[in-house]
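Content type compact mmCIF, C-alpha atoms and all ligand atoms, from the file final38.txt:
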```txt
# COMPACT_ATOMS: atom_id res chain seq x y z
CA MET A 192 -14.36 -22.86 2.23
CA SER A 193 -15.01 -22.04 -1.41
CA ASP A 194 -18.56 -20.67 -1.53
CA PRO A 195 -17.94 -16.91 -1.93
CA GLN A 196 -20.98 -15.81 0.05
CA ARG A 197 -20.10 -18.00 3.03
CA ARG A 198 -16.53 -16.77 2.88
CA ALA A 199 -17.61 -13.13 2.73
CA ASP A 200 -19.99 -13.62 5.67
CA ALA A 201 -17.28 -15.29 7.75
CA ILE A 202 -14.84 -12.45 7.02
CA VAL A 203 -17.38 -9.80 8.01
CA GLN A 204 -18.09 -11.73 11.21
CA GLY A 205 -14.41 -11.55 12.08
CA ASP A 206 -13.21 -15.08 11.27
CA ARG A 207 -9.45 -14.57 11.02
CA ARG A 208 -8.71 -17.98 9.54
CA VAL A 209 -11.07 -17.38 6.63
CA LEU A 210 -9.61 -13.89 6.22
CA ALA A 211 -6.09 -15.33 6.00
CA GLN A 212 -7.20 -17.86 3.39
CA ALA A 213 -9.01 -15.17 1.40
CA LEU A 214 -5.85 -13.06 1.41
CA THR A 215 -4.01 -15.95 -0.20
CA THR A 216 -6.77 -16.16 -2.81
CA VAL A 217 -6.50 -12.48 -3.74
CA GLU A 218 -2.74 -12.68 -3.76
CA ARG A 219 -3.07 -15.25 -6.50
CA GLY A 220 -5.82 -13.33 -8.30
CA GLY A 221 -8.20 -14.79 -10.87
CA ALA A 222 -11.88 -15.66 -10.94
CA ASP A 223 -12.11 -16.95 -7.34
CA ALA A 224 -10.69 -13.72 -6.01
CA ARG A 225 -13.07 -11.59 -8.06
CA ALA A 226 -16.12 -13.61 -7.10
CA LEU A 227 -15.31 -12.92 -3.46
CA LEU A 228 -14.35 -9.25 -3.86
CA ARG A 229 -17.56 -8.48 -5.73
CA ILE A 230 -19.83 -9.47 -2.89
CA LEU A 231 -17.93 -7.83 -0.04
CA PRO A 232 -20.01 -5.15 1.66
CA ALA A 233 -19.08 -1.59 0.73
CA HIS A 234 -16.86 0.18 3.23
CA PRO A 235 -16.14 3.86 3.66
CA ASP A 236 -12.94 5.35 2.26
CA GLY A 237 -10.30 6.76 4.50
CA ARG A 238 -8.97 3.87 6.52
CA VAL A 239 -5.91 2.95 4.49
CA ILE A 240 -2.58 4.51 5.40
CA GLY A 241 0.34 3.88 3.05
CA ILE A 242 3.70 4.17 4.80
CA THR A 243 6.52 4.94 2.47
CA GLY A 244 10.11 6.14 2.60
CA ALA A 245 13.64 5.13 1.71
CA PRO A 246 14.99 1.73 2.81
CA GLY A 247 15.98 1.90 6.46
CA ALA A 248 14.06 5.14 7.09
CA GLY A 249 12.36 3.57 10.09
CA LYS A 250 9.03 2.54 8.54
CA SER A 251 8.57 -0.80 10.29
CA THR A 252 9.55 0.54 13.70
CA LEU A 253 7.19 3.47 13.28
CA THR A 254 4.38 1.25 11.96
CA THR A 255 4.67 -0.83 15.11
CA ALA A 256 4.59 2.26 17.34
CA LEU A 257 1.59 3.67 15.46
CA ALA A 258 -0.25 0.36 15.73
CA GLN A 259 0.22 0.49 19.50
CA ALA A 260 -1.03 4.10 19.57
CA PHE A 261 -4.15 3.22 17.56
CA ARG A 262 -4.78 0.23 19.82
CA ALA A 263 -4.49 2.44 22.88
CA ARG A 264 -7.29 4.52 21.39
CA GLY A 265 -9.45 1.45 21.05
CA MET A 266 -9.01 1.02 17.32
CA THR A 267 -8.22 -2.25 15.58
CA VAL A 268 -5.31 -2.40 13.16
CA ALA A 269 -4.36 -4.44 10.12
CA ILE A 270 -0.85 -4.20 8.71
CA ILE A 271 0.28 -5.23 5.26
CA ALA A 272 4.03 -5.49 4.68
CA VAL A 273 4.64 -5.37 0.96
CA ASP A 274 7.47 -7.48 -0.32
CA PRO A 275 7.87 -7.07 -4.05
CA SER A 276 10.17 -10.10 -4.04
CA SER A 277 13.01 -8.11 -5.46
CA PRO A 278 16.60 -9.07 -4.68
CA LEU A 279 17.03 -5.52 -3.34
CA THR A 280 14.69 -5.99 -0.41
CA GLY A 281 14.59 -9.76 -0.21
CA GLY A 282 16.14 -9.87 3.22
CA SER A 283 14.17 -7.18 4.96
CA LEU A 284 10.99 -9.04 5.65
CA LEU A 285 12.23 -11.31 8.38
CA GLY A 286 13.61 -8.26 10.20
CA ASP A 287 10.25 -6.59 9.92
CA ARG A 288 8.52 -9.56 11.42
CA ILE A 289 10.86 -9.59 14.36
CA ARG A 290 10.31 -5.90 15.02
CA MET A 291 6.56 -6.29 14.79
CA TYR A 292 6.81 -9.09 17.33
CA ASP A 293 5.85 -6.43 19.89
CA LEU A 294 2.35 -6.69 18.50
CA ALA A 295 2.06 -10.46 18.69
CA GLY A 296 -0.67 -11.86 20.88
CA ASP A 297 -2.96 -8.85 20.47
CA SER A 298 -6.12 -10.03 18.73
CA GLY A 299 -6.86 -6.44 17.68
CA VAL A 300 -3.85 -6.51 15.35
CA PHE A 301 -3.57 -8.53 12.17
CA ILE A 302 -0.28 -8.62 10.26
CA ARG A 303 0.19 -9.96 6.78
CA SER A 304 3.01 -9.80 4.27
CA MET A 305 2.16 -9.67 0.59
CA ALA A 306 4.43 -10.86 -2.15
CA ASN A 307 4.18 -10.25 -5.84
CA ARG A 308 3.56 -13.77 -7.04
CA GLY A 309 3.43 -12.70 -10.64
CA ARG A 310 -0.18 -11.73 -10.20
CA LEU A 311 -1.84 -9.82 -12.97
CA GLY A 312 -2.01 -6.15 -12.05
CA GLY A 313 1.07 -6.65 -9.89
CA ILE A 314 1.56 -5.95 -6.25
CA ALA A 315 -0.69 -2.87 -6.35
CA ALA A 316 -3.70 -4.96 -7.41
CA ALA A 317 -2.97 -7.58 -4.77
CA THR A 318 -2.57 -4.91 -2.11
CA ALA A 319 -5.77 -3.10 -3.13
CA ASP A 320 -7.73 -6.34 -2.89
CA ALA A 321 -6.15 -7.21 0.44
CA THR A 322 -7.18 -3.84 1.90
CA ALA A 323 -10.73 -4.42 0.67
CA LEU A 324 -10.81 -7.72 2.57
CA MET A 325 -9.37 -6.15 5.71
CA ALA A 326 -11.82 -3.26 5.55
CA ALA A 327 -14.69 -5.74 5.21
CA ALA A 328 -13.30 -7.56 8.24
CA GLY A 329 -13.89 -4.31 10.11
CA PHE A 330 -10.38 -3.10 10.96
CA SER A 331 -10.50 0.59 11.81
CA VAL A 332 -7.05 1.29 10.38
CA ILE A 333 -5.14 -0.52 7.67
CA MET A 334 -1.47 0.31 7.31
CA ILE A 335 0.55 -0.69 4.26
CA GLU A 336 4.31 -0.60 4.62
CA THR A 337 5.99 -0.30 1.25
CA VAL A 338 9.67 -0.61 0.49
CA GLY A 339 10.51 2.85 -0.73
CA ALA A 340 12.29 1.54 -3.76
CA GLY A 341 10.88 2.86 -6.97
CA GLN A 342 7.90 1.99 -9.11
CA SER A 343 6.08 -0.54 -6.95
CA ASP A 344 6.15 2.00 -4.18
CA VAL A 345 4.34 4.68 -6.13
CA ALA A 346 1.85 2.07 -7.37
CA VAL A 347 1.12 0.91 -3.84
CA ALA A 348 0.75 4.53 -2.79
CA ASP A 349 -2.17 4.71 -5.23
CA VAL A 350 -4.01 2.25 -3.02
CA ALA A 351 -3.78 4.34 0.16
CA ASP A 352 -6.16 7.06 1.30
CA THR A 353 -3.46 8.71 3.36
CA ILE A 354 0.22 8.63 2.51
CA LEU A 355 2.64 8.91 5.39
CA LEU A 356 6.17 9.65 4.22
CA VAL A 357 8.93 8.63 6.62
CA GLU A 358 12.15 10.58 6.25
CA ALA A 359 15.22 9.78 8.33
CA PRO A 360 17.38 12.68 9.48
CA GLY A 361 20.78 13.55 8.14
CA MET A 362 20.40 12.47 4.56
CA GLY A 363 22.57 15.40 3.51
CA ASP A 364 21.48 18.40 1.47
CA GLU A 365 19.31 16.29 -0.75
CA VAL A 366 16.17 14.98 0.89
CA GLN A 367 15.85 11.46 -0.53
CA SER A 368 12.14 11.62 -1.15
CA ILE A 369 12.36 14.55 -3.55
CA LYS A 370 14.19 12.35 -5.98
CA ALA A 371 11.69 9.56 -5.61
CA GLY A 372 8.80 11.96 -6.23
CA LEU A 373 7.31 11.02 -2.90
CA LEU A 374 7.23 14.46 -1.34
CA GLU A 375 4.45 15.63 -3.67
CA VAL A 376 2.17 12.74 -2.82
CA ALA A 377 2.68 12.81 0.95
CA ASP A 378 -0.30 13.78 3.10
CA VAL A 379 1.62 13.59 6.35
CA ILE A 380 5.40 13.58 6.81
CA ALA A 381 7.28 12.08 9.75
CA VAL A 382 10.94 12.79 10.41
CA SER A 383 11.97 9.55 12.08
CA LYS A 384 14.73 8.95 14.63
CA SER A 385 14.24 12.38 16.17
CA ASP A 386 16.32 11.26 19.14
CA ARG A 387 19.30 11.91 16.86
CA ALA A 388 21.02 15.30 16.93
CA ASP A 389 20.69 15.91 13.20
CA ALA A 390 16.89 15.49 13.22
CA ALA A 391 16.07 19.13 13.98
CA ALA A 392 17.77 20.35 10.80
CA THR A 393 15.94 17.80 8.65
CA LEU A 394 12.65 18.75 10.25
CA GLN A 395 13.26 22.41 9.47
CA GLN A 396 14.37 21.64 5.93
CA LEU A 397 11.28 19.55 5.22
CA ARG A 398 8.92 22.15 6.64
CA THR A 399 10.42 24.73 4.32
CA LEU A 400 10.22 22.39 1.35
CA VAL A 401 6.61 21.51 2.05
CA GLN A 402 5.67 25.17 2.33
CA MET A 403 7.28 25.84 -1.02
CA GLN A 404 5.58 22.92 -2.69
CA HIS A 405 2.08 23.38 -1.45
CA PRO A 406 0.14 26.52 -2.29
CA SER A 407 -1.01 28.50 0.73
CA ASP A 408 -4.68 28.08 -0.18
CA ASP A 409 -4.31 24.30 -0.03
CA SER A 410 -7.13 22.96 2.13
CA TRP A 411 -4.89 20.31 3.70
CA PRO A 412 -1.60 21.79 4.95
CA VAL A 413 0.77 18.81 5.09
CA PRO A 414 1.96 18.37 8.69
CA VAL A 415 5.62 17.54 9.30
CA CYS A 416 6.06 15.70 12.60
CA GLY A 417 9.25 14.76 14.39
CA VAL A 418 9.06 11.28 15.92
CA SER A 419 11.25 8.81 17.69
CA ALA A 420 9.81 5.33 17.66
CA LEU A 421 12.61 4.19 19.95
CA GLN A 422 11.97 6.78 22.66
CA HIS A 423 8.28 6.95 21.84
CA THR A 424 8.14 10.70 21.36
CA GLY A 425 5.94 12.49 18.86
CA ILE A 426 3.88 9.36 18.23
CA GLU A 427 0.70 10.80 19.73
CA ALA A 428 0.94 13.98 17.65
CA LEU A 429 1.55 11.90 14.53
CA THR A 430 -1.44 9.69 15.35
CA ASP A 431 -3.55 12.84 15.75
CA ALA A 432 -2.33 14.12 12.36
CA LEU A 433 -3.22 10.83 10.64
CA LEU A 434 -6.68 10.77 12.17
CA ALA A 435 -7.16 14.43 11.26
CA HIS A 436 -6.42 13.49 7.65
CA GLN A 437 -9.02 10.72 7.84
CA ARG A 438 -11.56 13.29 9.00
CA PHE A 439 -10.46 15.67 6.27
CA LEU A 440 -11.08 12.93 3.67
CA ALA A 441 -14.56 12.36 5.02
CA THR A 442 -15.46 15.99 4.41
CA HIS A 443 -13.47 16.27 1.14
CA PRO A 444 -14.24 13.08 -0.79
CA HIS A 445 -13.31 14.54 -4.17
CA THR A 446 -9.73 15.67 -3.75
CA ALA A 447 -7.44 15.22 -6.76
CA ARG A 448 -5.75 12.34 -4.97
CA ALA A 449 -9.00 10.52 -4.21
CA LEU A 450 -10.02 10.88 -7.83
CA HIS A 451 -6.62 9.62 -8.96
CA ARG A 452 -6.96 6.62 -6.67
CA ARG A 453 -10.41 5.77 -8.02
CA ARG A 454 -9.13 6.12 -11.59
CA MET A 455 -6.21 3.83 -10.89
CA SER A 456 -8.45 1.15 -9.46
CA LEU A 457 -10.63 1.34 -12.57
CA HIS A 458 -7.48 0.97 -14.70
CA ARG A 459 -6.43 -2.07 -12.71
CA ALA A 460 -9.87 -3.65 -12.98
CA ILE A 461 -9.95 -3.13 -16.73
CA GLU A 462 -6.43 -4.43 -17.16
CA VAL A 463 -7.20 -7.59 -15.24
CA GLN A 464 -10.62 -8.29 -16.76
CA LEU A 465 -9.57 -7.52 -20.32
CA TYR A 466 -6.50 -9.68 -20.01
CA GLU A 467 -8.49 -12.58 -18.64
CA ALA A 468 -11.09 -12.31 -21.39
CA VAL A 469 -8.49 -12.08 -24.12
CA SER A 470 -6.47 -14.97 -22.75
CA ARG A 471 -9.48 -17.26 -23.27
CA THR A 472 -9.47 -16.76 -27.07
CA ALA A 473 -8.02 -19.26 -29.52
CA ALA A 474 -5.88 -16.47 -31.02
CA TRP A 475 -4.15 -16.08 -27.67
CA GLN A 476 -3.30 -19.75 -27.56
CA SER A 477 -1.92 -19.80 -31.07
CA ALA A 478 0.06 -16.61 -30.43
CA HIS A 479 1.93 -18.42 -27.69
CA THR A 480 2.86 -21.16 -30.10
CA LEU A 481 4.04 -18.50 -32.54
CA LEU A 482 6.22 -16.88 -29.87
CA LYS A 483 8.01 -20.16 -29.38
CA HIS A 484 8.87 -20.55 -33.03
CA ASP A 485 9.33 -17.04 -34.38
CA ALA A 486 11.85 -14.94 -32.46
CA ARG A 487 11.37 -11.91 -34.67
CA ILE A 488 7.64 -11.65 -34.61
CA ASN A 489 6.08 -8.17 -34.47
CA ILE A 490 4.54 -8.10 -30.99
CA ASP A 491 2.44 -5.03 -31.59
CA MET A 492 0.78 -6.56 -34.64
CA LEU A 493 0.29 -9.82 -32.84
CA ALA A 494 -1.47 -8.04 -29.99
CA GLN A 495 -3.66 -6.22 -32.48
CA GLN A 496 -4.67 -9.50 -34.14
CA ILE A 497 -5.52 -11.10 -30.82
CA LEU A 498 -7.66 -8.12 -29.79
CA ALA A 499 -9.41 -8.15 -33.19
CA GLU A 500 -10.31 -11.80 -32.75
CA TRP A 501 -11.47 -11.25 -29.20
CA ARG A 502 -13.70 -8.40 -30.36
CA LEU A 503 -15.27 -10.68 -32.99
CA SER A 504 -15.82 -13.47 -30.48
CA ALA A 505 -17.34 -11.04 -27.98
CA HIS A 506 -20.12 -10.15 -30.40
N1 LIG A 601 17.80 6.12 16.72
C1 LIG A 601 16.69 5.60 16.21
N2 LIG A 601 16.79 4.55 15.39
C2 LIG A 601 15.65 4.05 14.86
C3 LIG A 601 14.38 4.59 15.17
N3 LIG A 601 13.45 3.90 14.50
C4 LIG A 601 14.12 2.97 13.78
N4 LIG A 601 15.44 3.04 14.00
C5 LIG A 601 16.48 2.17 13.45
O1 LIG A 601 16.56 2.32 12.05
C6 LIG A 601 16.81 1.07 11.42
C7 LIG A 601 15.79 0.80 10.34
O2 LIG A 601 14.51 0.71 10.93
P1 LIG A 601 13.30 -0.01 10.20
O3 LIG A 601 12.10 0.28 11.00
O4 LIG A 601 13.62 -1.43 9.91
O5 LIG A 601 13.29 0.79 8.84
P2 LIG A 601 12.46 0.45 7.52
O6 LIG A 601 12.21 1.74 6.85
O7 LIG A 601 11.29 -0.40 7.85
O8 LIG A 601 13.51 -0.41 6.72
P3 LIG A 601 13.22 -1.29 5.40
O9 LIG A 601 11.90 -1.99 5.58
O10 LIG A 601 14.37 -2.23 5.36
O11 LIG A 601 13.21 -0.32 4.27
C8 LIG A 601 16.81 0.02 12.52
O12 LIG A 601 18.13 -0.27 12.87
C9 LIG A 601 16.09 0.71 13.67
O13 LIG A 601 16.51 0.26 14.92
C10 LIG A 601 14.32 5.70 16.09
O14 LIG A 601 13.28 6.22 16.44
N5 LIG A 601 15.51 6.15 16.56
MG MG A 602 10.63 -2.22 7.02
```
As structure tokens, how would this structure be written, given the file I've shared?
Amino acid sequence: MSDPQRRADAIVQGDRRVLAQALTTVERGGADARALLRILPAHPDGRVIGITGAPGAGKSTLTTALAQAFRARGMTVAIIAVDPSSPLTGGSLLGDRIRMYDLAGDSGVFIRSMANRGRLGGIAAATADATALMAAAGFSVIMIETVGAGQSDVAVADVADTILLVEAPGMGDEVQSIKAGLLEVADVIAVSKSDRADAAATLQQLRTLVQMQHPSDDSWPVPVCGVSALQHTGIEALTDALLAHQRFLATHPHTARALHRRRMSLHRAIEVQLYEAVSRTAAWQSAHTLLKHDARINIDMLAQQILAEWRLSAH
């Protein structure tokens, strides 16, 4: 199906096959993807939960447990597992799929992995577009599991309305997420694997850290929840905390984070559209020939020339 309006209608009506195909389209990016994204019905903010944390922190296991908790409350769930196709995390995806096997066969759950296929705007753009499709398809919650390994993680976090940071116990004196800069952006924190003896200390440590970081007049005090996905403890309280944050967002639509997220999506849109426009100019084509033949070319000047020509052709 290529007619964008028919595709959009089918997605809204809950056609999962068309949704899956559309996800492939946005993963690739380009004009087809934009034509579709432009006509999707608007959806309210607040449904997208980004799940982040160090490799092995327990994100996939917890995502599965949360999905079951949301389902038990009658909500539908879409899950995006982000695979930035880096050699670091290359092997983790199959494991994730096996763990999420618990969710197989439930038509109220839709799972998709996203890879960075060299798409313009990177994995963050692909993920943002995928969440827009899933929101249009009517899922009540959309969870994005990131890999907790650097830049792509923070970029994907920009897509989420709520950021859930998963911290495993016993990481030593240094809480891993401080280094990664994730503690500041977390809306809700879960100490995973709380069946382990060292979890209580980590929980205490994080609560102290969060209190130090967030001013007391902050309108959203970041909850720190102890959970064990294996023994299924703390999951209900964590689910409550996540839904409370959704309600908080509904009454506080202009938080600094929400503004940041909107700004970042504008940046991505400009990046993508400008790049596509510029790449249609003749100067762009000839620049690529130049690159092949002149190894010492001044890239900055070349870019300036291309933009100058594009500006002329745009008038
Ligand atoms: N004891 C205990 N182990 C857990 C719990 N949750 C997860 N684990 C274990 O922790 C390991 C990592 O769990 P994952 O859910 O794959 O962690 P992840 O953060 O998704 O890992 P990556 O995606 O590879 O970064 C697995 O061996 C799990 O069995 C828990 O509640 N208790
Ligand atoms: Mg995982």
Quick one: everything within 12 Å of region 257-268 of chain A, counting only C-alpha atoms, minus sequence neighbours fewer than 5 positions away in the same chain. Send it as a PyMOL selection string.
chain A and resi 205+238-240+242+250-252+291-295+297-303+322+325-326+328-336+355+381+418-421+423-434
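CA of Leu228 (chain A) sits 7.3 Å away from CA of Asp320 (chain A).
Atom to atom, CA of Ala211 (chain A) and CA of Ile461 (chain A) stand 26.1 Å apart.
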Two-atom distance - CA of Ala233 (chain A), CA of Met305 (chain A) (Å)
22.7 Å
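Closest approach to Arg398 (chain A) among A:Gly361, A:Thr442, A:Lys384, A:Val379 is made by A:Val379 (distances from all atoms listed in the file).
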Which residue, A:Pro195, A:Ala359, A:Val273, A:Leu210, has the smallest gap to ligand MG 602 (chain A) when you use all atoms listed in the file?
A:Val273
Neighbour residues at most 6 Å from (-8.4, -11.9, -28.8) (all atoms listed in the file) as a short mmCIF file (atom, residue, chain, number, x, y, z; two decimals) with C-alpha atoms, in the frame of the given file:
```
data_model
loop_
_atom_site.label_atom_id
_atom_site.label_comp_id
_atom_site.auth_asym_id
_atom_site.auth_seq_id
_atom_site.Cartn_x
_atom_site.Cartn_y
_atom_site.Cartn_z
CA VAL A 469 -8.49 -12.08 -24.12
CA THR A 472 -9.47 -16.76 -27.07
CA ALA A 474 -5.88 -16.47 -31.02
CA ILE A 497 -5.52 -11.10 -30.82
CA LEU A 498 -7.66 -8.12 -29.79
CA ALA A 499 -9.41 -8.15 -33.19
CA GLU A 500 -10.31 -11.80 -32.75
CA TRP A 501 -11.47 -11.25 -29.20
#
```
Kindly indicate which residue among A:Gly221, A:Gly247, A:Gly237, A:Pro444 lies nearest to ligand MG 602 (chain A), using all atoms listed in the file for the distances.
A:Gly247
Can region 203-220 of chain A be brought up to N, CA and C atoms and written out as a tab-separated table (two decimals), in the coordinates of the input?
```tsv
chain	number	residue	atom	x	y	z
A	203	VAL	N	-16.69	-10.93	7.37
A	203	VAL	CA	-17.38	-9.80	8.01
A	203	VAL	C	-17.61	-10.09	9.50
A	204	GLN	N	-17.86	-11.37	9.80
A	204	GLN	CA	-18.09	-11.73	11.21
A	204	GLN	C	-16.81	-11.83	12.02
A	205	GLY	N	-15.67	-11.62	11.33
A	205	GLY	CA	-14.41	-11.55	12.08
A	205	GLY	C	-13.63	-12.86	12.15
A	206	ASP	N	-13.95	-13.81	11.28
A	206	ASP	CA	-13.21	-15.08	11.27
A	206	ASP	C	-11.83	-14.86	10.64
A	207	ARG	N	-10.80	-14.89	11.49
A	207	ARG	CA	-9.45	-14.57	11.02
A	207	ARG	C	-8.85	-15.65	10.12
A	208	ARG	N	-9.26	-16.89	10.35
A	208	ARG	CA	-8.71	-17.98	9.54
A	208	ARG	C	-9.22	-17.86	8.10
A	209	VAL	N	-10.50	-17.56	7.97
A	209	VAL	CA	-11.07	-17.38	6.63
A	209	VAL	C	-10.47	-16.14	5.96
A	210	LEU	N	-10.25	-15.09	6.77
A	210	LEU	CA	-9.61	-13.89	6.22
A	210	LEU	C	-8.22	-14.22	5.67
A	211	ALA	N	-7.45	-14.97	6.43
A	211	ALA	CA	-6.09	-15.33	6.00
A	211	ALA	C	-6.13	-16.13	4.70
A	212	GLN	N	-7.08	-17.07	4.62
A	212	GLN	CA	-7.20	-17.86	3.39
A	212	GLN	C	-7.61	-16.98	2.21
A	213	ALA	N	-8.53	-16.06	2.47
A	213	ALA	CA	-9.01	-15.17	1.40
A	213	ALA	C	-7.87	-14.27	0.91
A	214	LEU	N	-6.99	-13.88	1.82
A	214	LEU	CA	-5.85	-13.06	1.41
A	214	LEU	C	-4.94	-13.83	0.46
A	215	THR	N	-4.80	-15.12	0.71
A	215	THR	CA	-4.01	-15.95	-0.20
A	215	THR	C	-4.70	-16.02	-1.57
A	216	THR	N	-6.02	-16.12	-1.55
A	216	THR	CA	-6.77	-16.16	-2.81
A	216	THR	C	-6.55	-14.88	-3.62
A	217	VAL	N	-6.65	-13.72	-2.96
A	217	VAL	CA	-6.50	-12.48	-3.74
A	217	VAL	C	-5.05	-12.24	-4.15
A	218	GLU	N	-4.14	-12.80	-3.38
A	218	GLU	CA	-2.74	-12.68	-3.76
A	218	GLU	C	-2.49	-13.38	-5.08
A	219	ARG	N	-3.19	-14.49	-5.26
A	219	ARG	CA	-3.07	-15.25	-6.50
A	219	ARG	C	-3.86	-14.58	-7.63
A	220	GLY	N	-4.98	-13.98	-7.29
A	220	GLY	CA	-5.82	-13.33	-8.30
A	220	GLY	C	-6.69	-14.34	-9.02
```
